[in-house]
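Asks: So I've got this file, work.cif, and it contains mmCIF, C-alpha atoms:
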data_entry
loop_
_atom_site.label_atom_id
_atom_site.label_comp_id
_atom_site.auth_asym_id
_atom_site.auth_seq_id
_atom_site.Cartn_x
_atom_site.Cartn_y
_atom_site.Cartn_z
CA MET O 1 -13.89 2.10 23.62
CA GLU O 2 -14.28 -1.42 22.25
CA LYS O 3 -11.09 -2.71 20.65
CA LEU O 4 -11.12 -4.76 17.46
CA GLU O 5 -8.87 -7.75 16.95
CA ILE O 6 -7.10 -7.51 13.60
CA LYS O 7 -5.52 -10.79 12.53
CA ASN O 8 -1.98 -11.10 11.15
CA ILE O 9 -0.30 -12.94 8.30
CA LYS O 10 3.30 -14.13 8.57
CA LEU O 11 5.97 -12.66 6.28
CA ASN O 12 8.72 -14.80 4.79
CA ASN O 13 11.12 -13.52 7.47
CA GLY O 14 8.83 -14.70 10.27
CA ILE O 15 7.49 -11.24 11.20
CA GLU O 16 3.72 -10.89 11.78
CA PHE O 17 2.02 -8.45 9.38
CA PRO O 18 -1.49 -7.11 10.23
CA LEU O 19 -4.03 -7.99 7.52
CA ILE O 20 -5.66 -4.55 7.69
CA GLY O 21 -3.58 -1.39 7.51
CA LEU O 22 -4.58 2.26 7.58
CA GLY O 23 -3.97 3.82 4.16
CA THR O 24 -2.79 7.44 4.27
CA PHE O 25 -2.63 8.56 0.61
CA ARG O 26 -4.24 11.98 -0.11
CA ASN O 27 -4.71 12.96 3.51
CA ALA O 28 -2.31 15.90 3.57
CA GLU O 29 -4.89 18.73 3.42
CA ASP O 30 -6.16 18.66 7.00
CA LYS O 31 -3.39 17.27 9.15
CA LYS O 32 -5.11 17.99 12.46
CA THR O 33 -8.14 15.84 11.56
CA PHE O 34 -5.79 13.20 10.16
CA ILE O 35 -3.73 13.05 13.40
CA GLU O 36 -6.92 12.44 15.39
CA ALA O 37 -8.00 9.77 12.90
CA VAL O 38 -4.69 7.90 13.21
CA LYS O 39 -4.86 8.09 17.02
CA TYR O 40 -8.42 6.75 16.94
CA ALA O 41 -7.36 3.90 14.63
CA ILE O 42 -4.55 2.94 17.02
CA LYS O 43 -6.90 3.10 20.03
CA ILE O 44 -9.37 0.66 18.46
CA GLY O 45 -6.71 -1.85 17.45
CA TYR O 46 -5.00 -0.81 14.21
CA ARG O 47 -1.26 -1.46 14.35
CA HIS O 48 -0.33 -1.23 10.67
CA ILE O 49 0.01 2.27 9.15
CA ASP O 50 0.89 2.60 5.47
CA GLY O 51 2.75 5.77 4.53
CA ALA O 52 5.19 6.99 1.87
CA TRP O 53 7.58 9.87 1.31
CA LEU O 54 5.35 11.07 -1.54
CA TYR O 55 2.23 11.42 0.60
CA ASP O 56 3.65 14.43 2.50
CA ILE O 57 1.90 13.16 5.62
CA GLU O 58 4.57 11.28 7.55
CA ASP O 59 5.22 14.16 9.95
CA ALA O 60 1.55 13.89 10.97
CA ILE O 61 1.79 10.09 11.25
CA GLY O 62 4.82 10.58 13.50
CA GLN O 63 2.97 13.12 15.64
CA ALA O 64 -0.08 10.85 15.95
CA ILE O 65 2.08 7.89 17.00
CA LYS O 66 3.96 10.01 19.54
CA GLU O 67 0.70 11.26 21.09
CA ALA O 68 -0.91 7.80 21.03
CA ILE O 69 2.06 6.31 22.90
CA GLN O 70 2.10 9.18 25.43
CA GLU O 71 -1.65 8.89 26.06
CA SER O 72 -1.57 5.10 26.48
CA ASN O 73 -0.01 5.24 29.97
CA GLY O 74 2.67 2.75 29.03
CA LEU O 75 0.32 0.27 27.31
CA LEU O 76 1.52 1.11 23.78
CA LYS O 77 5.14 1.05 22.59
CA ARG O 78 6.71 1.91 19.24
CA GLU O 79 7.52 -1.77 18.66
CA ASP O 80 3.80 -2.63 18.88
CA LEU O 81 3.22 -0.69 15.66
CA TYR O 82 3.94 -1.70 12.07
CA ILE O 83 4.95 1.37 10.06
CA VAL O 84 5.39 1.15 6.29
CA SER O 85 7.03 3.73 4.04
CA LYS O 86 8.22 3.94 0.45
CA ILE O 87 11.23 5.35 -1.39
CA TRP O 88 10.04 7.79 -4.06
CA ASN O 89 11.03 7.76 -7.76
CA THR O 90 13.36 10.78 -7.51
CA PHE O 91 15.52 8.85 -5.03
CA HIS O 92 16.40 5.68 -6.95
CA SER O 93 20.19 5.95 -6.84
CA ARG O 94 21.89 4.34 -3.87
CA ASP O 95 22.85 7.65 -2.22
CA ALA O 96 19.52 9.32 -2.94
CA ALA O 97 17.61 6.34 -1.49
CA ARG O 98 19.50 6.86 1.75
CA GLU O 99 18.65 10.57 1.70
CA CYS O 100 14.97 9.69 1.21
CA LEU O 101 15.00 7.19 4.07
CA ASN O 102 16.67 9.69 6.41
CA GLU O 103 13.94 12.19 5.61
CA ILE O 104 11.25 9.53 6.21
CA LEU O 105 12.73 8.58 9.60
CA LYS O 106 13.05 12.22 10.64
CA ASN O 107 9.43 12.97 9.67
CA LEU O 108 8.12 9.88 11.45
CA GLY O 109 10.26 10.53 14.52
CA THR O 110 11.51 6.95 14.60
CA SER O 111 14.89 5.22 14.16
CA TYR O 112 13.49 2.51 11.87
CA VAL O 113 10.54 1.54 9.70
CA ASP O 114 8.99 -1.89 9.88
CA LEU O 115 8.69 -2.19 6.12
CA LEU O 116 10.35 -0.12 3.41
CA LEU O 117 9.25 -0.45 -0.21
CA VAL O 118 10.49 0.79 -3.58
CA HIS O 119 7.36 2.80 -4.45
CA TRP O 120 7.57 2.26 -8.24
CA PRO O 121 10.08 0.57 -10.55
CA MET O 122 10.32 3.85 -12.51
CA GLY O 123 13.08 6.30 -11.62
CA PHE O 124 12.76 10.06 -12.19
CA ALA O 125 15.54 12.63 -12.62
CA GLU O 126 17.25 13.36 -9.31
CA ASN O 127 18.61 16.47 -7.54
CA LEU O 128 16.89 18.99 -9.80
CA GLY O 129 14.83 20.78 -7.16
CA LYS O 130 11.76 20.30 -9.37
CA GLY O 131 9.64 18.35 -6.91
CA PRO O 132 8.47 14.73 -7.04
CA PHE O 133 7.43 14.83 -10.73
CA PRO O 134 10.27 16.74 -12.48
CA LYS O 135 9.58 18.21 -15.93
CA ASP O 136 11.62 20.24 -18.42
CA GLU O 137 10.65 23.72 -19.63
CA HIS O 138 8.38 22.15 -22.28
CA GLY O 139 6.42 20.16 -19.73
CA ASN O 140 8.02 16.81 -20.59
CA ARG O 141 8.64 14.45 -17.68
CA LEU O 142 12.28 13.93 -16.79
CA TYR O 143 13.26 10.31 -16.14
CA SER O 144 16.42 8.65 -14.93
CA ASP O 145 18.03 5.47 -16.22
CA ILE O 146 18.74 4.18 -12.73
CA HIS O 147 17.64 0.57 -12.50
CA TYR O 148 15.24 -0.45 -9.75
CA LEU O 149 17.71 -3.16 -8.75
CA GLU O 150 20.14 -0.45 -7.59
CA THR O 151 17.37 0.94 -5.39
CA TYR O 152 16.57 -2.50 -4.01
CA LYS O 153 20.24 -3.14 -3.16
CA ALA O 154 20.21 0.12 -1.17
CA LEU O 155 17.21 -1.18 0.79
CA GLU O 156 19.17 -4.33 1.66
CA GLU O 157 21.86 -2.10 3.20
CA PHE O 158 19.21 -0.37 5.32
CA VAL O 159 18.10 -3.74 6.76
CA LYS O 160 21.70 -4.53 7.74
CA GLU O 161 21.93 -1.12 9.42
CA GLY O 162 18.71 -1.68 11.39
CA LYS O 163 16.86 1.17 9.67
CA ALA O 164 14.28 -1.17 8.08
CA LYS O 165 13.06 -4.45 9.57
CA SER O 166 11.72 -5.76 6.25
CA ILE O 167 11.86 -4.63 2.62
CA GLY O 168 9.81 -5.07 -0.51
CA VAL O 169 8.42 -3.38 -3.59
CA SER O 170 5.26 -1.71 -4.86
CA ASN O 171 3.73 -1.69 -8.35
CA PHE O 172 6.23 -4.25 -9.68
CA ASN O 173 5.08 -6.68 -12.37
CA ILE O 174 6.10 -10.35 -12.60
CA LYS O 175 9.23 -9.74 -14.70
CA GLN O 176 10.42 -6.93 -12.42
CA LEU O 177 9.82 -9.04 -9.32
CA GLN O 178 11.71 -11.94 -10.88
CA ASP O 179 14.63 -9.56 -11.53
CA VAL O 180 14.67 -8.74 -7.81
CA LEU O 181 14.41 -12.41 -6.79
CA ASP O 182 17.32 -13.29 -9.11
CA ILE O 183 19.78 -10.88 -7.46
CA CYS O 184 18.52 -10.28 -3.94
CA GLU O 185 20.43 -11.13 -0.82
CA ILE O 186 17.37 -10.30 1.32
CA LYS O 187 14.11 -11.53 -0.17
CA PRO O 188 11.27 -9.01 -0.60
CA VAL O 189 8.46 -9.74 1.84
CA ASN O 190 5.79 -7.68 0.09
CA ASN O 191 4.53 -6.32 -3.22
CA GLN O 192 1.98 -3.54 -2.71
CA ILE O 193 -0.31 -3.30 -5.75
CA GLU O 194 -3.79 -2.19 -6.73
CA VAL O 195 -6.33 -4.97 -6.14
CA THR O 196 -10.11 -4.52 -6.40
CA PRO O 197 -13.02 -6.69 -7.57
CA TYR O 198 -12.57 -4.92 -10.94
CA LEU O 199 -8.78 -5.51 -11.01
CA GLN O 200 -8.14 -8.87 -9.37
CA ASN O 201 -4.55 -9.22 -10.58
CA ASP O 202 -4.74 -13.03 -10.41
CA ASN O 203 -1.48 -13.84 -12.23
CA LEU O 204 0.61 -11.38 -10.24
CA VAL O 205 -0.99 -12.39 -6.92
CA GLU O 206 -0.36 -16.07 -7.72
CA PHE O 207 3.28 -15.38 -8.68
CA CYS O 208 3.87 -13.46 -5.44
CA GLN O 209 2.25 -16.06 -3.25
CA LYS O 210 4.14 -18.93 -4.92
CA ASN O 211 7.36 -17.07 -4.15
CA GLY O 212 6.50 -16.33 -0.52
CA ILE O 213 5.81 -12.64 -1.13
CA ILE O 214 2.75 -11.23 0.63
CA VAL O 215 0.54 -9.00 -1.53
CA SER O 216 -1.00 -5.90 -0.02
CA ALA O 217 -3.79 -4.06 -1.81
CA TYR O 218 -3.99 -0.29 -2.10
CA GLY O 219 -7.26 1.24 -3.25
CA PRO O 220 -9.09 -1.99 -2.30
CA LEU O 221 -12.50 -0.28 -2.38
CA GLY O 222 -12.13 0.68 -6.02
CA GLY O 223 -12.37 4.46 -5.79
CA SER O 224 -15.45 6.57 -5.22
CA GLN O 225 -15.57 8.28 -8.63
CA LYS O 226 -17.68 7.07 -11.54
CA LEU O 227 -15.40 5.40 -14.10
CA THR O 228 -15.20 7.94 -16.94
CA SER O 229 -13.72 5.43 -19.39
CA ARG O 230 -16.34 2.80 -18.46
CA PRO O 231 -19.56 4.78 -17.77
CA GLU O 232 -21.68 1.62 -17.86
CA LEU O 233 -19.86 0.20 -14.80
CA PRO O 234 -21.17 1.18 -11.37
CA ILE O 235 -18.51 2.11 -8.83
CA VAL O 236 -17.39 -1.03 -6.97
CA LEU O 237 -19.21 -0.13 -3.75
CA GLU O 238 -22.48 0.25 -5.67
CA ASN O 239 -22.16 -2.94 -7.68
CA PRO O 240 -25.33 -4.99 -6.99
CA VAL O 241 -23.32 -8.20 -6.48
CA ILE O 242 -21.24 -6.58 -3.72
CA VAL O 243 -24.26 -4.76 -2.21
CA ASN O 244 -26.36 -7.96 -2.07
CA ILE O 245 -23.58 -10.03 -0.50
CA GLY O 246 -23.26 -7.31 2.14
CA LYS O 247 -26.99 -7.39 2.90
CA LYS O 248 -26.79 -11.16 3.42
CA TYR O 249 -24.24 -10.73 6.24
CA GLY O 250 -25.37 -7.36 7.59
CA LYS O 251 -22.13 -5.80 6.30
CA THR O 252 -21.34 -2.77 4.15
CA PRO O 253 -20.09 -3.13 0.55
CA ALA O 254 -16.67 -1.88 1.76
CA GLN O 255 -16.51 -4.63 4.37
CA VAL O 256 -17.34 -7.21 1.69
CA CYS O 257 -14.48 -5.97 -0.53
CA LEU O 258 -12.01 -6.04 2.37
CA ARG O 259 -13.14 -9.49 3.50
CA TRP O 260 -12.71 -10.71 -0.09
CA CYS O 261 -9.10 -9.46 0.00
CA ILE O 262 -8.14 -11.19 3.21
CA GLN O 263 -9.79 -14.45 2.11
CA ARG O 264 -7.32 -14.33 -0.79
CA ASN O 265 -4.51 -13.86 1.78
CA ILE O 266 -4.09 -10.28 0.60
CA VAL O 267 -3.44 -7.49 3.12
CA ALA O 268 -5.92 -4.62 2.61
CA LEU O 269 -5.06 -0.93 3.01
CA PRO O 270 -8.30 1.10 3.04
CA LYS O 271 -7.81 4.82 3.62
CA SER O 272 -10.15 7.02 5.60
CA SER O 273 -10.14 9.89 8.08
CA ASN O 274 -13.75 9.14 9.01
CA ILE O 275 -13.91 7.52 12.45
CA GLN O 276 -16.97 5.39 11.68
CA ARG O 277 -15.46 4.04 8.45
CA ILE O 278 -12.07 3.41 10.09
CA ARG O 279 -13.84 1.12 12.58
CA GLN O 280 -16.00 -0.56 9.94
CA ASN O 281 -12.99 -1.23 7.71
CA ALA O 282 -11.35 -3.33 10.44
CA ASP O 283 -14.54 -5.02 11.62
CA ILE O 284 -14.36 -7.85 9.10
CA PHE O 285 -13.11 -10.80 11.13
CA ASP O 286 -16.53 -11.94 12.40
CA PHE O 287 -17.91 -13.28 9.11
CA GLU O 288 -16.74 -15.29 6.12
CA LEU O 289 -17.69 -15.12 2.46
CA SER O 290 -18.96 -18.39 1.03
CA GLU O 291 -17.36 -20.16 -1.90
CA GLN O 292 -20.26 -18.92 -4.05
CA ASP O 293 -19.72 -15.33 -2.86
CA MET O 294 -16.05 -15.58 -3.85
CA LYS O 295 -17.03 -16.93 -7.29
CA ASP O 296 -19.61 -14.17 -7.78
CA ILE O 297 -17.00 -11.51 -6.98
CA LYS O 298 -14.45 -13.25 -9.22
CA ASN O 299 -16.90 -12.79 -12.11
CA LEU O 300 -16.75 -9.00 -11.64
CA GLU O 301 -13.19 -8.83 -13.08
CA GLN O 302 -12.87 -5.97 -15.61
CA ASN O 303 -9.08 -5.52 -15.72
CA TYR O 304 -9.91 -1.91 -14.83
CA ARG O 305 -7.14 0.04 -13.15
CA VAL O 306 -7.89 3.24 -11.17
CA TYR O 307 -4.21 4.09 -10.63
CA GLY O 308 -2.83 3.34 -14.09
CA VAL O 309 -0.55 6.44 -14.24
CA GLU O 310 -0.91 6.40 -18.04
CA SER O 311 1.08 9.63 -18.30
CA LEU O 312 4.19 7.56 -17.44
CA LYS O 313 3.63 4.90 -20.12
CA ASP O 314 6.72 6.03 -22.02
CA HIS O 315 9.02 5.14 -19.10
CA LYS O 316 11.07 2.05 -19.92
CA PHE O 317 10.17 0.50 -16.56
CA TYR O 318 6.42 1.30 -16.71
CA PRO O 319 4.98 -1.83 -15.03
CA PHE O 320 1.50 -2.14 -16.54
CA ASN O 321 2.31 -3.08 -20.14
CA GLU O 322 2.29 -6.80 -19.31
#
Just give me the structure as structure tokens.
Replies:
Amino acid sequence: MEKLEIKNIKLNNGIEFPLIGLGTFRNAEDKKTFIEAVKYAIKIGYRHIDGAWLYDIEDAIGQAIKEAIQESNGLLKREDLYIVSKIWNTFHSRDAARECLNEILKNLGTSYVDLLLVHWPMGFAENLGKGPFPKDEHGNRLYSDIHYLETYKALEEFVKEGKAKSIGVSNFNIKQLQDVLDICEIKPVNNQIEVTPYLQNDNLVEFCQKNGIIVSAYGPLGGSQKLTSRPELPIVLENPVIVNIGKKYGKTPAQVCLRWCIQRNIVALPKSSNIQRIRQNADIFDFELSEQDMKDIKNLEQNYRVYGVESLKDHKFYPFNE
């Protein structure tokens, strides 16, 4: 099986971070297929696996890693892999964040994660036994007032204890990131945000990069559903600009989008359980988009967000009002 070489980018703490990671959101339905997909990804060269407590898939990630190591005949070790997880919104207090991390580590079957993120700046009510999106009897969402800085301080403790090698945030806007930078003892290495040709997030990406924070992009292929609020827009992977650039290089539209990310020094996290697409998504280091290609894609900006979580707009820390 031919192995792909996935290049790295260096984090502000000197650790190498693979530019392509395997996204795992919404893969919880068929865990057996997913385990095989993760093992295949590792066999062909993936080292970066992006998980989260919320995804309800980390037990399967742990099983896949365990089997991949066992089947490698000593060629693969845990420390060769870069495992990312995220503290969910119902665990924003210091003690609850620890509880969440302990659950993550148990599910993954590991003593540490390589990168631990605060999943969102928004805290939800804790310890209610109402699941990850607690609501009252009238269907109203139940929030907490716990500040994301308390959560971040808990993450710093986990680094000191050796339970996380690096820490960062996800879905934080510029003001929220600046809050973290103002008080942190350990600098965030990463902000994981939505980035697509239709949501290029230039200002936030520039702020992160100026401050030595690597951006990673979830949903980098723009979603496969027709945009109901913008019916005139083709889905990203069917946009003629992207399709034609792909034809020029003998690459798929997905490969063009992922190459565009890494040429902006953004880590890309495409998700798939399809073996062919998993390989294609990492096979992007043998071509380069021209300056004109990059300009043409830049002109596709729509400020269109797939994961806008508009139902949480009334939370005081909702990050997308900027």
Asks: Can you list, as a PDB file with C-alpha atoms, keeping the file's coordinate frame, every protein, DNA or RNA residue that comes within 10 Å of Ala254 (chain O) when you count only C-alpha atoms, leaving out same-chain residues fewer than 2 positions away?
Replies:
ATOM      1  CA  PRO O 220      -9.090  -1.990  -2.300  1.00  0.00           C
ATOM      2  CA  LEU O 221     -12.500  -0.280  -2.380  1.00  0.00           C
ATOM      3  CA  GLY O 222     -12.130   0.680  -6.020  1.00  0.00           C
ATOM      4  CA  VAL O 236     -17.390  -1.030  -6.970  1.00  0.00           C
ATOM      5  CA  LEU O 237     -19.210  -0.130  -3.750  1.00  0.00           C
ATOM      6  CA  GLU O 238     -22.480   0.250  -5.670  1.00  0.00           C
ATOM      7  CA  ILE O 242     -21.240  -6.580  -3.720  1.00  0.00           C
ATOM      8  CA  VAL O 243     -24.260  -4.760  -2.210  1.00  0.00           C
ATOM      9  CA  GLY O 246     -23.260  -7.310   2.140  1.00  0.00           C
ATOM     10  CA  LYS O 251     -22.130  -5.800   6.300  1.00  0.00           C
ATOM     11  CA  THR O 252     -21.340  -2.770   4.150  1.00  0.00           C
ATOM     12  CA  VAL O 256     -17.340  -7.210   1.690  1.00  0.00           C
ATOM     13  CA  CYS O 257     -14.480  -5.970  -0.530  1.00  0.00           C
ATOM     14  CA  LEU O 258     -12.010  -6.040   2.370  1.00  0.00           C
ATOM     15  CA  ARG O 259     -13.140  -9.490   3.500  1.00  0.00           C
ATOM     16  CA  TRP O 260     -12.710 -10.710  -0.090  1.00  0.00           C
ATOM     17  CA  PRO O 270      -8.300   1.100   3.040  1.00  0.00           C
ATOM     18  CA  ARG O 277     -15.460   4.040   8.450  1.00  0.00           C
ATOM     19  CA  GLN O 280     -16.000  -0.560   9.940  1.00  0.00           C
ATOM     20  CA  ASN O 281     -12.990  -1.230   7.710  1.00  0.00           C
ATOM     21  CA  ILE O 284     -14.360  -7.850   9.100  1.00  0.00           C
TER      22      ILE O 284
END
Asks: I'd like the neighbourhood of region 157-160 of chain O as a ChimeraX atom specification, where a residue qualifies if any of its atoms comes within 12 Å (using all atoms listed in the file), though same-chain residues fewer than 5 positions away should be ignored.
Replies: /O:87,94-95,97-102,105,111-117,150-152,165-168,184-188
Asks: Which residues would end up in the selection if the PyMOL selection byres ((chain O and resi 37) around 12) were applied here, given that I need the answer as a PyMOL selection string?
Replies: chain O and resi 22-24+27+30-36+38-44+46+49+60-61+63-65+68+271-279
Asks: Interatomic distance between CA of Glu16 (chain O) and CA of Asp179 (chain O)?
Replies: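 Taking CA of Glu16 (chain O) and CA of Asp179 (chain O), their separation equals 25.8 Å.
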Asks: Could you work out how far CA of Glu310 (chain O) lies from CA of Thr90 (chain O), giving the answer in Å with one decimal?
Replies: 18.3 Å
